[in-house]
Amino acid sequence: MANENSGLQSAKRNKKDEFYTQLVDVERELRHYRNHFKDKVVYCNCDDPYVSAFFEYFTKNFEFLGLKKLITTCYRSQSVDLFSQGESEQATKLEYLGGVTNNLPTPDDIEVTLLNGDGDFRSQECIEILKEADIVVTNPPFSLFSEYVAQLASLDKKFIIIGHQNAITYKDVFPVIKDNKMWLGYGFKRNMAHFIAPHYEDTASDADHKEGMIRVSGVVWYTSLDHNKRHEEMILVQRYYGNEAAYPRYDNYDAIEVSRTQNIPMDYKGEMGVPITFLTKYNPEQFEIIGATESEGKGFSRGLWKPESGVAQAMIDGKKVYKRLFIRNRNPLTQEA
């Protein structure tokens, strides 16, 4: 795991987040949201349009999805491609309105505008473009993920974006998840993704190694668009009562420990601590997200923490466990059932 994530950690330290998503991954995820795009303005605001799989996907499927407009901007692109010779020092905005033969636009079909600024998604210029958009779809910089989500939430924008699962408990991200304004999408195969990453060497050691790409584990899709998987009920097969020893209570939190999502008991009505990977199975009709460990943010546990312990990370018999979410089963079986 450490080797697989070395490129990601380096990117966060050096602020080099040039990870380009593969078209096959974009197609695999976005097919679940087709009904959301009709008559909508889609904005890809962290994408070099000249190499972006998102831009390619939406131009090719513009008519099929019934889009109103596609807008793409990125941070000062200098890529050499069909649309550009890499000579401009300025960031660009591309707009596409569809209507071309066979859904294959040429450079003449796409309006190219030079931006006044550098194309940073935080610039006022790009924020004004964002206000026009209905749905944002992109792979934002991992090092700026918190800022990016906070911006989308503040403007109440719908989105489908890529991030690392560790971002679940970031202080600007978790409250959005807890308030059911963001959740996980369908995800990548094997909970990992290959990105085109020109500045990093892939340290993958198995058959998933791909030339010119970096493999990053724990990468997920985040979205505010509803989808069928989110409403699939998780089948629970374990019981708490009669098996209490398997679910110890934390030393410093008023909750029981469930070390694996698949072991969530069907008959416990109180608070439970679960791994962050629980979100891949989260159904808001079946479970309530109460909070997270205080190690992820002050006040995150919503009163479950025992501050006299002096330790924010969850502990069992004096030993710390990894970050936890606290949940409650909305419809537990009774003890008699």
# chains A, B, ... in the order shown; residues from 1 in each chain; ligands from 1
>>> residues_around(residues="Trp221 of chain A", least_positions_apart="4", cutoff="9 Å", atoms="only C-alpha atoms", output="list of chain:residue names")
A:Glu29, A:Ile160, A:Ile161, A:Ile162, A:Gly163, A:His164, A:Gln165, A:Trp183, A:Leu184, A:Gly185, A:Tyr186, A:Gly187, A:Phe188
>>> select_by_dssp(residues="segment 17-225 of chain A", states="strand (DSSP E or B)", output="MDAnalysis selection string")
chainID A and resid 20:21 41:44 69:73 80 85 92:96 111:114 135:138 158:164 183:184 192:196 213:217 219:223
>>> select_by_dssp(residues="segment 80-225 of chain A", states="helix (DSSP H, G or I)", output="number ranges by chain")
A: 101-103, 107-109, 124-132, 142-154, 165-169, 174-178, 189-191
>>> residues_around(residues="Lys69 of chain A", least_positions_apart="3", cutoff="8 Å", atoms="only C-alpha atoms", output="VMD selection string")
chain A and resid 40 to 42 95 to 98
>>> atom_distance(atom1="atom CA of Lys319 of chain A", atom2="atom CA of Glu257 of chain A")
12.5 Å
>>> atom_distance(atom1="atom CA of Arg260 of chain A", atom2="atom CA of Val274 of chain A")
6.8 Å
>>> closest_residue(among="A:Ile316, A:Ile276, A:Leu104, A:Ile327", to="Ser301 of chain A", atoms="only C-alpha atoms")
A:Ile327
>>> closest_residue(among="A:Thr59, A:Ser146, A:Gln151, A:Asn243", to="Tyr170 of chain A", atoms="only C-alpha atoms")
A:Ser146
>>> decode(residues="segment 245-263 of chain A", atoms="N, CA and C atoms", output="PDB file, in the first residue's frame")
ATOM      1  N   ALA A 245     -18.669 -10.184  22.630  1.00  0.00           N
ATOM      2  CA  ALA A 245     -17.206 -10.153  22.696  1.00  0.00           C
ATOM      3  C   ALA A 245     -16.585  -9.752  21.356  1.00  0.00           C
ATOM      4  N   ALA A 246     -17.306  -9.978  20.285  1.00  0.00           N
ATOM      5  CA  ALA A 246     -16.788  -9.631  18.957  1.00  0.00           C
ATOM      6  C   ALA A 246     -16.915  -8.146  18.662  1.00  0.00           C
ATOM      7  N   TYR A 247     -17.634  -7.426  19.536  1.00  0.00           N
ATOM      8  CA  TYR A 247     -17.875  -6.002  19.307  1.00  0.00           C
ATOM      9  C   TYR A 247     -17.524  -5.207  20.567  1.00  0.00           C
ATOM     10  N   PRO A 248     -16.231  -5.080  20.881  1.00  0.00           N
ATOM     11  CA  PRO A 248     -15.828  -4.378  22.107  1.00  0.00           C
ATOM     12  C   PRO A 248     -16.178  -2.895  22.060  1.00  0.00           C
ATOM     13  N   ARG A 249     -16.365  -2.318  23.230  1.00  0.00           N
ATOM     14  CA  ARG A 249     -16.627  -0.884  23.307  1.00  0.00           C
ATOM     15  C   ARG A 249     -15.292  -0.141  23.320  1.00  0.00           C
ATOM     16  N   TYR A 250     -15.292   1.035  22.758  1.00  0.00           N
ATOM     17  CA  TYR A 250     -14.088   1.863  22.772  1.00  0.00           C
ATOM     18  C   TYR A 250     -13.812   2.353  24.181  1.00  0.00           C
ATOM     19  N   ASP A 251     -12.548   2.568  24.461  1.00  0.00           N
ATOM     20  CA  ASP A 251     -12.168   3.140  25.745  1.00  0.00           C
ATOM     21  C   ASP A 251     -12.649   4.582  25.861  1.00  0.00           C
ATOM     22  N   ASN A 252     -12.625   5.300  24.742  1.00  0.00           N
ATOM     23  CA  ASN A 252     -12.831   6.747  24.784  1.00  0.00           C
ATOM     24  C   ASN A 252     -13.978   7.250  23.913  1.00  0.00           C
ATOM     25  N   TYR A 253     -14.812   6.346  23.439  1.00  0.00           N
ATOM     26  CA  TYR A 253     -16.006   6.736  22.678  1.00  0.00           C
ATOM     27  C   TYR A 253     -17.185   5.877  23.108  1.00  0.00           C
ATOM     28  N   ASP A 254     -18.354   6.455  23.164  1.00  0.00           N
ATOM     29  CA  ASP A 254     -19.544   5.728  23.567  1.00  0.00           C
ATOM     30  C   ASP A 254     -20.126   5.015  22.355  1.00  0.00           C
ATOM     31  N   ALA A 255     -19.434   3.971  21.911  1.00  0.00           N
ATOM     32  CA  ALA A 255     -19.830   3.210  20.728  1.00  0.00           C
ATOM     33  C   ALA A 255     -19.095   1.874  20.730  1.00  0.00           C
ATOM     34  N   ILE A 256     -19.588   0.942  19.943  1.00  0.00           N
ATOM     35  CA  ILE A 256     -18.907  -0.344  19.794  1.00  0.00           C
ATOM     36  C   ILE A 256     -18.078  -0.338  18.517  1.00  0.00           C
ATOM     37  N   GLU A 257     -17.065  -1.166  18.494  1.00  0.00           N
ATOM     38  CA  GLU A 257     -16.180  -1.285  17.341  1.00  0.00           C
ATOM     39  C   GLU A 257     -16.677  -2.366  16.385  1.00  0.00           C
ATOM     40  N   VAL A 258     -16.817  -2.008  15.112  1.00  0.00           N
ATOM     41  CA  VAL A 258     -17.100  -2.968  14.043  1.00  0.00           C
ATOM     42  C   VAL A 258     -15.934  -2.855  13.067  1.00  0.00           C
ATOM     43  N   SER A 259     -15.013  -3.786  13.137  1.00  0.00           N
ATOM     44  CA  SER A 259     -13.754  -3.650  12.408  1.00  0.00           C
ATOM     45  C   SER A 259     -13.893  -3.842  10.905  1.00  0.00           C
ATOM     46  N   ARG A 260     -14.961  -4.511  10.476  1.00  0.00           N
ATOM     47  CA  ARG A 260     -15.186  -4.741   9.052  1.00  0.00           C
ATOM     48  C   ARG A 260     -16.646  -4.435   8.726  1.00  0.00           C
ATOM     49  N   THR A 261     -16.856  -3.723   7.625  1.00  0.00           N
ATOM     50  CA  THR A 261     -18.217  -3.334   7.250  1.00  0.00           C
ATOM     51  C   THR A 261     -19.145  -4.531   7.149  1.00  0.00           C
ATOM     52  N   GLN A 262     -18.648  -5.632   6.628  1.00  0.00           N
ATOM     53  CA  GLN A 262     -19.485  -6.813   6.439  1.00  0.00           C
ATOM     54  C   GLN A 262     -19.946  -7.421   7.755  1.00  0.00           C
ATOM     55  N   ASN A 263     -19.335  -6.992   8.881  1.00  0.00           N
ATOM     56  CA  ASN A 263     -19.709  -7.534  10.189  1.00  0.00           C
ATOM     57  C   ASN A 263     -20.658  -6.633  10.967  1.00  0.00           C
TER      58      ASN A 263
END
